[in-house]
Amino acid sequence: MIKAIAANGYQILFGDEGYKFLNSFIEENKYYNIFILVDTHSNDYCLPLFLRYLATYKTIEIIKIEAGERKKNINTCLEIWTVLTELGADRKSLLINLGGGVITDIGGFVASTFKRGIDFIHIPTTLLAMVDASIGGKNGVDLGNLKNQIGVINIPKMVLIDSNYLSTLPQNEMRSGFAEMLKHGLIADALYWKQFLNLKHIDFADFDTKIHRSIEIKNEIVTQDPTENGIRKALNFGHTLGHAIESFFLENENKKKLLHGEAIAVGMILESFISWKKELLSEIEYLAIKNTIKTIFVPVHFEENDLQPIMNLLIHDKKNEYGKVQFALLRGIGSIKINQEVENELIIKSFDDYKS
């Protein structure tokens with residue numbers, strides 16, 4: 001049995017024990033009705049499994065949206081709010097978000113704002129959502145192609161992790177979640193990072209313990225700084241450039257869209273290079289990071305005229321203060337230095353090195 005993790009005001013539970021707690025929680029709180037938010041993928045592959053575990057006589061309604069980052073916008077929220085209203089949702093309703101990061105992000109935001117807030121529970125079904133999106137209370141939507149510009153920090157009633165859902169994931173989605181696990185090791189736990197240096201020797205039969213440790217790392221950081229005024233910014237390592245790259249590829253029709261983790265993998269290499277050049281990271285450490293990530297992720301191709309639009313997107317990063325772009329950089333593997341300004345010339349050099 002995997003041990004529950006105590007977060008700020010809620011529990012992160014695992015497997016069978018998690019389902020037992022969920023059913024008791026629903027019964028004790030006497031919800032008027034229950035809504036399950038899914039997308040087209042989690043509806044087909046995950047909902048049947050989840051409903052086998054859900055034991056309640058309450059009225060259950062399924063709300064389904066299309067899958068994909070492009071649906072993570074305020075128009076989709078309007079559709080969900082409207083359906084909730086038409087189906088009679090009130091302050092004693094519960095919203096269960098069953099899906100990947102898009103579902104947990106948008107579901108948490110919808111619940112936090114509907115009738116000034118109804119209870120919600122996250123049941124992440126992708127690796128990325130398990131180790132990142134569902135943990136920490138961030139909920140929100142994109143503004144156009146700008147990632148997570150509209151949102152709130154509001155905690156769920158619980159998060160339930162069941163790795164059985166991962167059997168439905170394609171390999172690229174698994175790799176996308178892997179990026180966040182690598183990041184957690186790089187910023188906070190060098191021993192954890194070392195476990196991923198040789199993927200051939202990873203025991204995937206024991207993968208639950210690696211998921212648990214990844215969640216622990218994120219939760220430990222978030223618990224210290226729930227509203228991201230300080231150390232929580234460490235979690236943005238790889239995301240300053242990674243989000244800009246993700247947004248750029250999302251808005252360009254002639255570019256193949258990147259999954260979140262694929263963009264963050266590039267961002268981690270670029271920001272590791274910057275950390276090295278700022279003498280925060282050794283060259284040996286940098287090359288180990290670059291080589292490890294490039295063995296997992298297919299390199300992304302950048303044209304020369306891609307760089308300036310990506311640089312322009314940095315100004316929208318949520319960590320910026322007083323108009324200055326703020327980076328979280330590695331201070332050796334397993335440690336981080338936040339609120340770092342980086343010259344444009346060094347950013348360009350990081351892309352040149354990535355392409356080499």
# chains A, B, ... in the order shown; residues from 1 in each chain; ligands from 1

$ residues_around --residues "Leu94 in chain A" --least-positions-apart "6" --cutoff "8 Å" --atoms "only C-alpha atoms" --output "list of chain:residue names"
A:Tyr31, A:Asn33, A:Ile34, A:Phe35, A:Ile118, A:Asp119, A:Phe120, A:Ile121

$ select_by_dssp --residues "range 46-119 of chain A" --states "strand (DSSP E or B)" --output "ChimeraX atom specification"
/A:59-65,93-99,119

$ closest_residue --among "A:Glu251, A:Glu216, A:Glu28, A:Asp132" --to "Ala7 in chain A" --atoms "only C-alpha atoms"
A:Glu216

$ closest_residue --among "A:Asn198, A:Thr40, A:Thr85, A:Asn145" --to "Gly100 in chain A" --atoms "only C-alpha atoms"
A:Thr40

$ closest_atom_pairs --of "range 192-278 of chain A" --to "range 148-166 of chain A" --cutoff "12 Å" --atoms "only C-alpha atoms" --output "CSV"
residue,atom,partner,partner_atom,distance
A:Phe204,CA,A:Ser163,CA,11.3
A:Ala205,CA,A:Ser163,CA,11.0
A:Asp206,CA,A:Ser163,CA,10.9
A:Phe207,CA,A:Ser163,CA,8.7
A:Asp208,CA,A:Ser163,CA,6.9
A:Thr209,CA,A:Ser163,CA,10.6
A:Lys210,CA,A:Ser163,CA,11.2
A:Ile211,CA,A:Ser163,CA,8.7
A:His212,CA,A:Ile161,CA,9.1
A:Ile215,CA,A:Ile161,CA,10.0
A:Asn219,CA,A:Val159,CA,12.0
A:Val222,CA,A:Ile153,CA,11.3
A:Thr223,CA,A:Ile155,CA,11.7
A:Asp225,CA,A:Ile153,CA,11.7
A:Pro226,CA,A:Ile153,CA,8.2
A:Thr227,CA,A:Ile153,CA,7.1
A:Glu228,CA,A:Ile153,CA,9.7
A:His239,CA,A:Asn148,CA,11.9
A:His243,CA,A:Asn148,CA,9.6
A:Ala244,CA,A:Asn148,CA,11.7
A:Glu246,CA,A:Asn148,CA,11.8
A:Ser247,CA,A:Asn148,CA,10.6

$ write_last_selection --atoms "N, CA, C and O atoms" --output "PDB file, in the first residue's frame"
ATOM      1  N   PHE A 204       9.986  -0.585 -14.081  1.00  0.00           N
ATOM      2  CA  PHE A 204       8.661  -0.008 -14.288  1.00  0.00           C
ATOM      3  C   PHE A 204       7.592  -0.742 -13.486  1.00  0.00           C
ATOM      4  O   PHE A 204       6.489  -0.232 -13.307  1.00  0.00           O
ATOM      5  N   ALA A 205       7.914  -1.937 -13.005  1.00  0.00           N
ATOM      6  CA  ALA A 205       6.985  -2.637 -12.112  1.00  0.00           C
ATOM      7  C   ALA A 205       6.859  -1.899 -10.789  1.00  0.00           C
ATOM      8  O   ALA A 205       5.865  -2.032 -10.074  1.00  0.00           O
ATOM      9  N   ASP A 206       7.869  -1.107 -10.459  1.00  0.00           N
ATOM     10  CA  ASP A 206       7.877  -0.338  -9.219  1.00  0.00           C
ATOM     11  C   ASP A 206       7.726   1.162  -9.504  1.00  0.00           C
ATOM     12  O   ASP A 206       8.196   1.997  -8.754  1.00  0.00           O
ATOM     13  N   PHE A 207       7.066   1.469 -10.610  1.00  0.00           N
ATOM     14  CA  PHE A 207       6.976   2.868 -11.045  1.00  0.00           C
ATOM     15  C   PHE A 207       6.139   3.720 -10.097  1.00  0.00           C
ATOM     16  O   PHE A 207       6.327   4.928 -10.003  1.00  0.00           O
ATOM     17  N   ASP A 208       5.220   3.083  -9.377  1.00  0.00           N
ATOM     18  CA  ASP A 208       4.380   3.820  -8.426  1.00  0.00           C
ATOM     19  C   ASP A 208       5.228   4.568  -7.390  1.00  0.00           C
ATOM     20  O   ASP A 208       4.857   5.670  -6.968  1.00  0.00           O
ATOM     21  N   THR A 209       6.332   3.970  -6.957  1.00  0.00           N
ATOM     22  CA  THR A 209       7.156   4.644  -5.945  1.00  0.00           C
ATOM     23  C   THR A 209       7.828   5.880  -6.529  1.00  0.00           C
ATOM     24  O   THR A 209       8.043   6.868  -5.816  1.00  0.00           O
ATOM     25  N   LYS A 210       8.150   5.849  -7.820  1.00  0.00           N
ATOM     26  CA  LYS A 210       8.744   7.028  -8.461  1.00  0.00           C
ATOM     27  C   LYS A 210       7.706   8.136  -8.628  1.00  0.00           C
ATOM     28  O   LYS A 210       7.997   9.318  -8.448  1.00  0.00           O
ATOM     29  N   ILE A 211       6.491   7.750  -8.966  1.00  0.00           N
ATOM     30  CA  ILE A 211       5.398   8.731  -9.035  1.00  0.00           C
ATOM     31  C   ILE A 211       5.184   9.350  -7.659  1.00  0.00           C
ATOM     32  O   ILE A 211       5.048  10.577  -7.527  1.00  0.00           O
ATOM     33  N   HIS A 212       5.152   8.510  -6.629  1.00  0.00           N
ATOM     34  CA  HIS A 212       4.948   8.985  -5.254  1.00  0.00           C
ATOM     35  C   HIS A 212       6.034   9.982  -4.862  1.00  0.00           C
ATOM     36  O   HIS A 212       5.740  11.049  -4.303  1.00  0.00           O
ATOM     37  N   ILE A 215       5.580  13.366  -6.656  1.00  0.00           N
ATOM     38  CA  ILE A 215       4.499  14.137  -6.030  1.00  0.00           C
ATOM     39  C   ILE A 215       4.963  14.717  -4.696  1.00  0.00           C
ATOM     40  O   ILE A 215       4.667  15.873  -4.371  1.00  0.00           O
ATOM     41  N   ASN A 219       4.906  18.587  -3.683  1.00  0.00           N
ATOM     42  CA  ASN A 219       4.094  18.962  -2.528  1.00  0.00           C
ATOM     43  C   ASN A 219       4.924  19.645  -1.447  1.00  0.00           C
ATOM     44  O   ASN A 219       4.463  20.598  -0.809  1.00  0.00           O
ATOM     45  N   VAL A 222       5.403  23.241  -2.641  1.00  0.00           N
ATOM     46  CA  VAL A 222       4.149  24.000  -2.616  1.00  0.00           C
ATOM     47  C   VAL A 222       3.714  24.291  -1.176  1.00  0.00           C
ATOM     48  O   VAL A 222       3.201  25.379  -0.880  1.00  0.00           O
ATOM     49  N   THR A 223       3.917  23.329  -0.285  1.00  0.00           N
ATOM     50  CA  THR A 223       3.522  23.506   1.118  1.00  0.00           C
ATOM     51  C   THR A 223       4.258  24.684   1.752  1.00  0.00           C
ATOM     52  O   THR A 223       3.690  25.419   2.569  1.00  0.00           O
ATOM     53  N   ASP A 225       5.232  27.349   0.130  1.00  0.00           N
ATOM     54  CA  ASP A 225       4.931  28.602  -0.570  1.00  0.00           C
ATOM     55  C   ASP A 225       3.705  28.410  -1.467  1.00  0.00           C
ATOM     56  O   ASP A 225       3.815  28.350  -2.689  1.00  0.00           O
ATOM     57  N   PRO A 226       2.497  28.326  -0.871  1.00  0.00           N
ATOM     58  CA  PRO A 226       1.296  28.017  -1.657  1.00  0.00           C
ATOM     59  C   PRO A 226       0.990  29.021  -2.760  1.00  0.00           C
ATOM     60  O   PRO A 226       0.452  28.644  -3.802  1.00  0.00           O
ATOM     61  N   THR A 227       1.307  30.305  -2.551  1.00  0.00           N
ATOM     62  CA  THR A 227       0.893  31.337  -3.510  1.00  0.00           C
ATOM     63  C   THR A 227       2.012  31.824  -4.422  1.00  0.00           C
ATOM     64  O   THR A 227       1.887  32.848  -5.082  1.00  0.00           O
ATOM     65  N   GLU A 228       3.115  31.100  -4.452  1.00  0.00           N
ATOM     66  CA  GLU A 228       4.223  31.355  -5.388  1.00  0.00           C
ATOM     67  C   GLU A 228       4.840  32.749  -5.217  1.00  0.00           C
ATOM     68  O   GLU A 228       5.050  33.491  -6.170  1.00  0.00           O
ATOM     69  N   HIS A 239      10.371  26.005 -17.568  1.00  0.00           N
ATOM     70  CA  HIS A 239       9.063  26.468 -18.034  1.00  0.00           C
ATOM     71  C   HIS A 239       9.077  27.872 -18.620  1.00  0.00           C
ATOM     72  O   HIS A 239       8.185  28.224 -19.382  1.00  0.00           O
ATOM     73  N   HIS A 243       7.380  27.221 -21.860  1.00  0.00           N
ATOM     74  CA  HIS A 243       6.034  27.726 -22.142  1.00  0.00           C
ATOM     75  C   HIS A 243       6.027  28.609 -23.382  1.00  0.00           C
ATOM     76  O   HIS A 243       5.078  28.560 -24.180  1.00  0.00           O
ATOM     77  N   ALA A 244       7.064  29.417 -23.562  1.00  0.00           N
ATOM     78  CA  ALA A 244       7.142  30.280 -24.751  1.00  0.00           C
ATOM     79  C   ALA A 244       7.227  29.413 -26.012  1.00  0.00           C
ATOM     80  O   ALA A 244       6.569  29.697 -27.020  1.00  0.00           O
ATOM     81  N   GLU A 246       6.162  26.267 -26.275  1.00  0.00           N
ATOM     82  CA  GLU A 246       4.869  25.591 -26.413  1.00  0.00           C
ATOM     83  C   GLU A 246       3.838  26.511 -27.057  1.00  0.00           C
ATOM     84  O   GLU A 246       3.103  26.108 -27.975  1.00  0.00           O
ATOM     85  N   SER A 247       3.775  27.766 -26.599  1.00  0.00           N
ATOM     86  CA  SER A 247       2.827  28.731 -27.154  1.00  0.00           C
ATOM     87  C   SER A 247       3.128  29.025 -28.619  1.00  0.00           C
ATOM     88  O   SER A 247       2.222  29.108 -29.454  1.00  0.00           O
TER      89      SER A 247
END

$ closest_atom_pairs --of "range 254-324 of chain A" --to "range 348-354 of chain A" --cutoff "12 Å" --atoms "only C-alpha atoms" --output "Markdown table"
| residue | atom | partner | partner_atom | distance |
| --- | --- | --- | --- | --- |
| A:Ala265 | CA | A:Tyr354 | CA | 11.3 |
| A:Val266 | CA | A:Tyr354 | CA | 8.2 |
| A:Gly267 | CA | A:Phe351 | CA | 9.7 |
| A:Met268 | CA | A:Ser350 | CA | 10.6 |
| A:Ile269 | CA | A:Tyr354 | CA | 7.3 |
| A:Leu270 | CA | A:Ser350 | CA | 5.2 |
| A:Glu271 | CA | A:Ser350 | CA | 7.5 |
| A:Ser272 | CA | A:Ser350 | CA | 8.7 |
| A:Phe273 | CA | A:Ser350 | CA | 5.9 |
| A:Ile274 | CA | A:Ser350 | CA | 6.5 |
| A:Ser275 | CA | A:Ser350 | CA | 10.0 |
| A:Trp276 | CA | A:Ser350 | CA | 10.2 |
| A:Lys277 | CA | A:Ser350 | CA | 9.2 |
| A:Lys278 | CA | A:Ser350 | CA | 11.7 |
| A:Tyr286 | CA | A:Asp353 | CA | 11.5 |
| A:Leu287 | CA | A:Asp353 | CA | 11.0 |
| A:Ile289 | CA | A:Tyr354 | CA | 11.9 |
| A:Lys290 | CA | A:Tyr354 | CA | 8.5 |
| A:Asn291 | CA | A:Tyr354 | CA | 10.7 |
| A:Ile293 | CA | A:Tyr354 | CA | 11.4 |
| A:Lys294 | CA | A:Tyr354 | CA | 9.9 |
| A:Pro299 | CA | A:Tyr354 | CA | 8.7 |
| A:Val300 | CA | A:Tyr354 | CA | 9.1 |
| A:His301 | CA | A:Tyr354 | CA | 9.5 |
| A:Phe302 | CA | A:Phe351 | CA | 8.4 |
| A:Glu303 | CA | A:Phe351 | CA | 10.3 |
| A:Glu304 | CA | A:Asp352 | CA | 9.5 |
| A:Asn305 | CA | A:Ile348 | CA | 11.6 |
| A:Asp306 | CA | A:Phe351 | CA | 10.4 |
| A:Leu307 | CA | A:Ile348 | CA | 7.4 |
| A:Gln308 | CA | A:Ile348 | CA | 9.1 |
| A:Ile310 | CA | A:Ile348 | CA | 10.4 |
| A:Met311 | CA | A:Ile348 | CA | 8.8 |

$ write_last_selection --atoms "N, CA, C and O atoms" --output "tab-separated table (two decimals), in the first residue's frame"
chain	number	residue	atom	x	y	z
A	265	ALA	N	10.91	19.79	-21.86
A	265	ALA	CA	12.18	19.09	-22.02
A	265	ALA	C	13.20	19.98	-22.73
A	265	ALA	O	14.36	20.07	-22.33
A	266	VAL	N	12.75	20.67	-23.79
A	266	VAL	CA	13.63	21.63	-24.48
A	266	VAL	C	14.01	22.75	-23.54
A	266	VAL	O	15.18	23.13	-23.43
A	267	GLY	N	13.01	23.28	-22.83
A	267	GLY	CA	13.26	24.38	-21.89
A	267	GLY	C	14.28	24.03	-20.83
A	267	GLY	O	15.12	24.86	-20.45
A	268	MET	N	14.24	22.79	-20.34
A	268	MET	CA	15.20	22.37	-19.31
A	268	MET	C	16.62	22.32	-19.85
A	268	MET	O	17.58	22.68	-19.15
A	269	ILE	N	16.78	21.88	-21.10
A	269	ILE	CA	18.12	21.88	-21.70
A	269	ILE	C	18.62	23.31	-21.86
A	269	ILE	O	19.76	23.64	-21.49
A	270	LEU	N	17.77	24.18	-22.40
A	270	LEU	CA	18.16	25.58	-22.61
A	270	LEU	C	18.52	26.27	-21.30
A	270	LEU	O	19.54	26.96	-21.19
A	271	GLU	N	17.69	26.06	-20.28
A	271	GLU	CA	17.91	26.75	-19.01
A	271	GLU	C	19.05	26.11	-18.21
A	271	GLU	O	19.67	26.77	-17.38
A	272	SER	N	19.36	24.85	-18.49
A	272	SER	CA	20.56	24.23	-17.91
A	272	SER	C	21.81	24.83	-18.54
A	272	SER	O	22.81	25.08	-17.85
A	273	PHE	N	21.76	25.06	-19.86
A	273	PHE	CA	22.88	25.72	-20.54
A	273	PHE	C	23.13	27.11	-19.94
A	273	PHE	O	24.26	27.49	-19.64
A	274	ILE	N	22.03	27.85	-19.73
A	274	ILE	CA	22.14	29.19	-19.13
A	274	ILE	C	22.72	29.09	-17.72
A	274	ILE	O	23.57	29.90	-17.33
A	275	SER	N	22.28	28.08	-16.96
A	275	SER	CA	22.81	27.87	-15.60
A	275	SER	C	24.32	27.62	-15.65
A	275	SER	O	25.08	28.13	-14.81
A	276	TRP	N	24.75	26.83	-16.62
A	276	TRP	CA	26.19	26.55	-16.79
A	276	TRP	C	26.95	27.83	-17.12
A	276	TRP	O	27.97	28.13	-16.49
A	277	LYS	N	26.44	28.59	-18.07
A	277	LYS	CA	27.15	29.79	-18.50
A	277	LYS	C	27.16	30.87	-17.41
A	277	LYS	O	28.00	31.75	-17.40
A	278	LYS	N	26.21	30.80	-16.49
A	278	LYS	CA	26.20	31.72	-15.35
A	278	LYS	C	26.99	31.16	-14.16
A	278	LYS	O	26.91	31.69	-13.05
A	286	TYR	N	25.85	19.84	-16.84
A	286	TYR	CA	25.04	20.30	-17.98
A	286	TYR	C	24.98	19.24	-19.07
A	286	TYR	O	23.90	18.92	-19.58
A	287	LEU	N	26.11	18.67	-19.44
A	287	LEU	CA	26.15	17.68	-20.51
A	287	LEU	C	25.37	16.42	-20.12
A	287	LEU	O	24.71	15.80	-20.97
A	289	ILE	N	22.71	16.38	-18.19
A	289	ILE	CA	21.30	16.76	-18.34
A	289	ILE	C	20.89	16.74	-19.81
A	289	ILE	O	19.87	16.15	-20.20
A	290	LYS	N	21.70	17.39	-20.64
A	290	LYS	CA	21.40	17.48	-22.07
A	290	LYS	C	21.31	16.10	-22.71
A	290	LYS	O	20.35	15.78	-23.42
A	291	ASN	N	22.30	15.26	-22.42
A	291	ASN	CA	22.33	13.94	-23.04
A	291	ASN	C	21.20	13.04	-22.56
A	291	ASN	O	20.60	12.30	-23.34
A	293	ILE	N	18.17	13.98	-21.39
A	293	ILE	CA	16.89	14.44	-21.94
A	293	ILE	C	16.80	14.12	-23.43
A	293	ILE	O	15.74	13.71	-23.93
A	294	LYS	N	17.91	14.28	-24.14
A	294	LYS	CA	17.86	14.01	-25.59
A	294	LYS	C	17.75	12.52	-25.92
A	294	LYS	O	17.36	12.17	-27.03
A	299	PRO	N	14.58	15.48	-30.57
A	299	PRO	CA	14.93	16.91	-30.64
A	299	PRO	C	13.93	17.72	-31.46
A	299	PRO	O	13.37	17.22	-32.45
A	300	VAL	N	13.67	18.93	-31.03
A	300	VAL	CA	12.75	19.83	-31.72
A	300	VAL	C	13.57	20.70	-32.68
A	300	VAL	O	14.63	21.21	-32.32
A	301	HIS	N	13.06	20.87	-33.89
A	301	HIS	CA	13.78	21.66	-34.90
A	301	HIS	C	13.33	23.12	-34.84
A	301	HIS	O	12.14	23.42	-34.86
A	302	PHE	N	14.29	24.02	-34.73
A	302	PHE	CA	14.02	25.46	-34.73
A	302	PHE	C	14.64	26.11	-35.97
A	302	PHE	O	15.81	25.87	-36.27
A	303	GLU	N	13.83	26.91	-36.67
A	303	GLU	CA	14.35	27.75	-37.76
A	303	GLU	C	14.96	29.01	-37.15
A	303	GLU	O	14.61	29.40	-36.02
A	304	GLU	N	15.82	29.66	-37.91
A	304	GLU	CA	16.47	30.89	-37.42
A	304	GLU	C	15.44	31.97	-37.08
A	304	GLU	O	15.57	32.69	-36.08
A	305	ASN	N	14.38	32.06	-37.90
A	305	ASN	CA	13.38	33.11	-37.66
A	305	ASN	C	12.33	32.73	-36.62
A	305	ASN	O	11.37	33.45	-36.40
A	306	ASP	N	12.50	31.57	-35.96
A	306	ASP	CA	11.61	31.19	-34.86
A	306	ASP	C	12.00	31.89	-33.56
A	306	ASP	O	11.15	32.08	-32.67
A	307	LEU	N	13.28	32.22	-33.41
A	307	LEU	CA	13.78	32.63	-32.10
A	307	LEU	C	13.18	33.94	-31.61
A	307	LEU	O	12.80	34.05	-30.44
A	308	GLN	N	13.09	34.95	-32.49
A	308	GLN	CA	12.57	36.24	-32.02
A	308	GLN	C	11.13	36.17	-31.56
A	308	GLN	O	10.79	36.71	-30.49
A	310	ILE	N	9.66	33.62	-30.26
A	310	ILE	CA	9.71	32.92	-28.96
A	310	ILE	C	10.18	33.87	-27.87
A	310	ILE	O	9.60	33.90	-26.77
A	311	MET	N	11.21	34.66	-28.17
A	311	MET	CA	11.73	35.64	-27.21
A	311	MET	C	10.64	36.65	-26.84
A	311	MET	O	10.50	37.04	-25.68

$ select_by_dssp --residues "range 324-356 of chain A" --states "alpha helix (DSSP H)" --output "number ranges by chain"
A: 344-355

$ atom_distance --atom1 "CA of Leu314 in chain A" --atom2 "CA of Asn254 in chain A"
21.1 Å

$ residues_around --residues "Ile333 in chain A" --least-positions-apart "6" --cutoff "8 Å" --atoms "only C-alpha atoms" --output "ChimeraX atom specification"
/A:185-190,281,285

$ residues_around --residues "Ala67 in chain A" --least-positions-apart "3" --cutoff "9 Å" --atoms "only C-alpha atoms" --output "PyMOL selection string"
chain A and resi 38-42+70-71+102-103

$ write_last_selection --atoms "all heavy atoms" --output "tab-separated table (two decimals), in the first residue's frame"
chain	number	residue	atom	x	y	z
A	38	VAL	N	-15.05	15.00	-18.00
A	38	VAL	CA	-14.13	14.17	-18.78
A	38	VAL	C	-13.89	14.84	-20.13
A	38	VAL	O	-14.64	15.73	-20.54
A	38	VAL	CB	-14.70	12.75	-19.01
A	38	VAL	CG1	-14.82	11.98	-17.71
A	38	VAL	CG2	-16.06	12.82	-19.73
A	39	ASP	N	-12.85	14.38	-20.83
A	39	ASP	CA	-12.71	14.74	-22.23
A	39	ASP	C	-12.97	13.48	-23.06
A	39	ASP	O	-13.27	12.41	-22.52
A	39	ASP	CB	-11.35	15.38	-22.54
A	39	ASP	CG	-10.17	14.46	-22.31
A	39	ASP	OD1	-10.35	13.23	-22.24
A	39	ASP	OD2	-9.04	14.99	-22.18
A	40	THR	N	-12.89	13.61	-24.37
A	40	THR	CA	-13.23	12.48	-25.23
A	40	THR	C	-12.33	11.28	-24.97
A	40	THR	O	-12.75	10.13	-25.12
A	40	THR	CB	-13.15	12.89	-26.72
A	40	THR	OG1	-11.95	13.67	-26.93
A	40	THR	CG2	-14.34	13.73	-27.12
A	41	HIS	N	-11.07	11.51	-24.55
A	41	HIS	CA	-10.15	10.41	-24.27
A	41	HIS	C	-10.48	9.74	-22.93
A	41	HIS	O	-10.64	8.51	-22.86
A	41	HIS	CB	-8.70	10.91	-24.25
A	41	HIS	CG	-8.21	11.32	-25.60
A	41	HIS	ND1	-7.13	12.15	-25.78
A	41	HIS	CD2	-8.66	11.04	-26.85
A	41	HIS	CE1	-6.94	12.35	-27.07
A	41	HIS	NE2	-7.86	11.69	-27.73
A	42	SER	N	-10.58	10.54	-21.88
A	42	SER	CA	-10.82	9.94	-20.56
A	42	SER	C	-12.23	9.35	-20.47
A	42	SER	O	-12.47	8.41	-19.70
A	42	SER	CB	-10.56	10.94	-19.43
A	42	SER	OG	-11.41	12.06	-19.51
A	70	ARG	N	-6.17	23.07	-26.93
A	70	ARG	CA	-6.95	24.13	-27.58
A	70	ARG	C	-8.32	24.35	-26.93
A	70	ARG	O	-8.94	25.39	-27.11
A	70	ARG	CB	-7.14	23.84	-29.07
A	70	ARG	CG	-5.87	24.05	-29.90
A	70	ARG	CD	-6.17	24.08	-31.39
A	70	ARG	NE	-4.97	24.40	-32.16
A	70	ARG	CZ	-4.49	25.61	-32.35
A	70	ARG	NH1	-5.10	26.66	-31.80
A	70	ARG	NH2	-3.41	25.82	-33.07
A	71	LYS	N	-8.80	23.37	-26.17
A	71	LYS	CA	-10.08	23.51	-25.48
A	71	LYS	C	-9.94	24.15	-24.10
A	71	LYS	O	-10.94	24.39	-23.43
A	71	LYS	CB	-10.76	22.15	-25.35
A	71	LYS	CG	-11.12	21.50	-26.67
A	71	LYS	CD	-12.03	22.37	-27.52
A	71	LYS	CE	-13.41	22.53	-26.92
A	71	LYS	NZ	-14.30	23.33	-27.79
A	102	VAL	N	-5.33	19.19	-18.80
A	102	VAL	CA	-6.36	20.14	-19.28
A	102	VAL	C	-7.61	20.01	-18.43
A	102	VAL	O	-8.21	21.01	-18.01
A	102	VAL	CB	-6.67	19.91	-20.77
A	102	VAL	CG1	-7.88	20.73	-21.20
A	102	VAL	CG2	-5.46	20.28	-21.64
A	103	ILE	N	-8.02	18.77	-18.14
A	103	ILE	CA	-9.24	18.55	-17.36
A	103	ILE	C	-9.07	19.03	-15.92
A	103	ILE	O	-9.96	19.69	-15.36
A	103	ILE	CB	-9.64	17.06	-17.39
A	103	ILE	CG1	-10.20	16.69	-18.77
A	103	ILE	CG2	-10.66	16.73	-16.31
A	103	ILE	CD1	-11.53	17.34	-19.12

$ atom_distance --atom1 "CA of Cys46 in chain A" --atom2 "CA of Asn75 in chain A"
24.8 Å

$ residues_around --residues "range 55-59 of chain A" --least-positions-apart "6" --cutoff "12 Å" --atoms "only C-alpha atoms" --output "list in words"
Tyr19, Lys20, Phe21, Leu22, Asn23, Ser24, Phe25, Ile26, Glu27, Glu28, Asn29, Lys30, Tyr31, Tyr32, Asn33, Ile34, Phe35, Ile36, Leu87, Gly88, Ala89, Lys92, Ser93 and Leu94 of chain A

$ closest_residue --among "A:Gly332, A:Gly136, A:Gly107, A:Gly177" --to "Trp81 in chain A" --atoms "only C-alpha atoms"
A:Gly107

$ residues_around --residues "Leu250 in chain A" --least-positions-apart "6" --cutoff "10 Å" --atoms "only C-alpha atoms" --output "ChimeraX atom specification"
/A:69-70,144-146,244,256-259

$ atom_distance --atom1 "CA of Ala328 in chain A" --atom2 "CA of Thr104 in chain A"
24.8 Å

$ closest_residue --among "A:Asp16, A:Ser214, A:Met181, A:Ile336" --to "Lys233 in chain A" --atoms "only C-alpha atoms"
A:Ile336

$ closest_residue --among "A:Leu95, A:Leu84, A:Leu37, A:Leu51" --to "Ile65 in chain A" --atoms "only C-alpha atoms"
A:Leu37
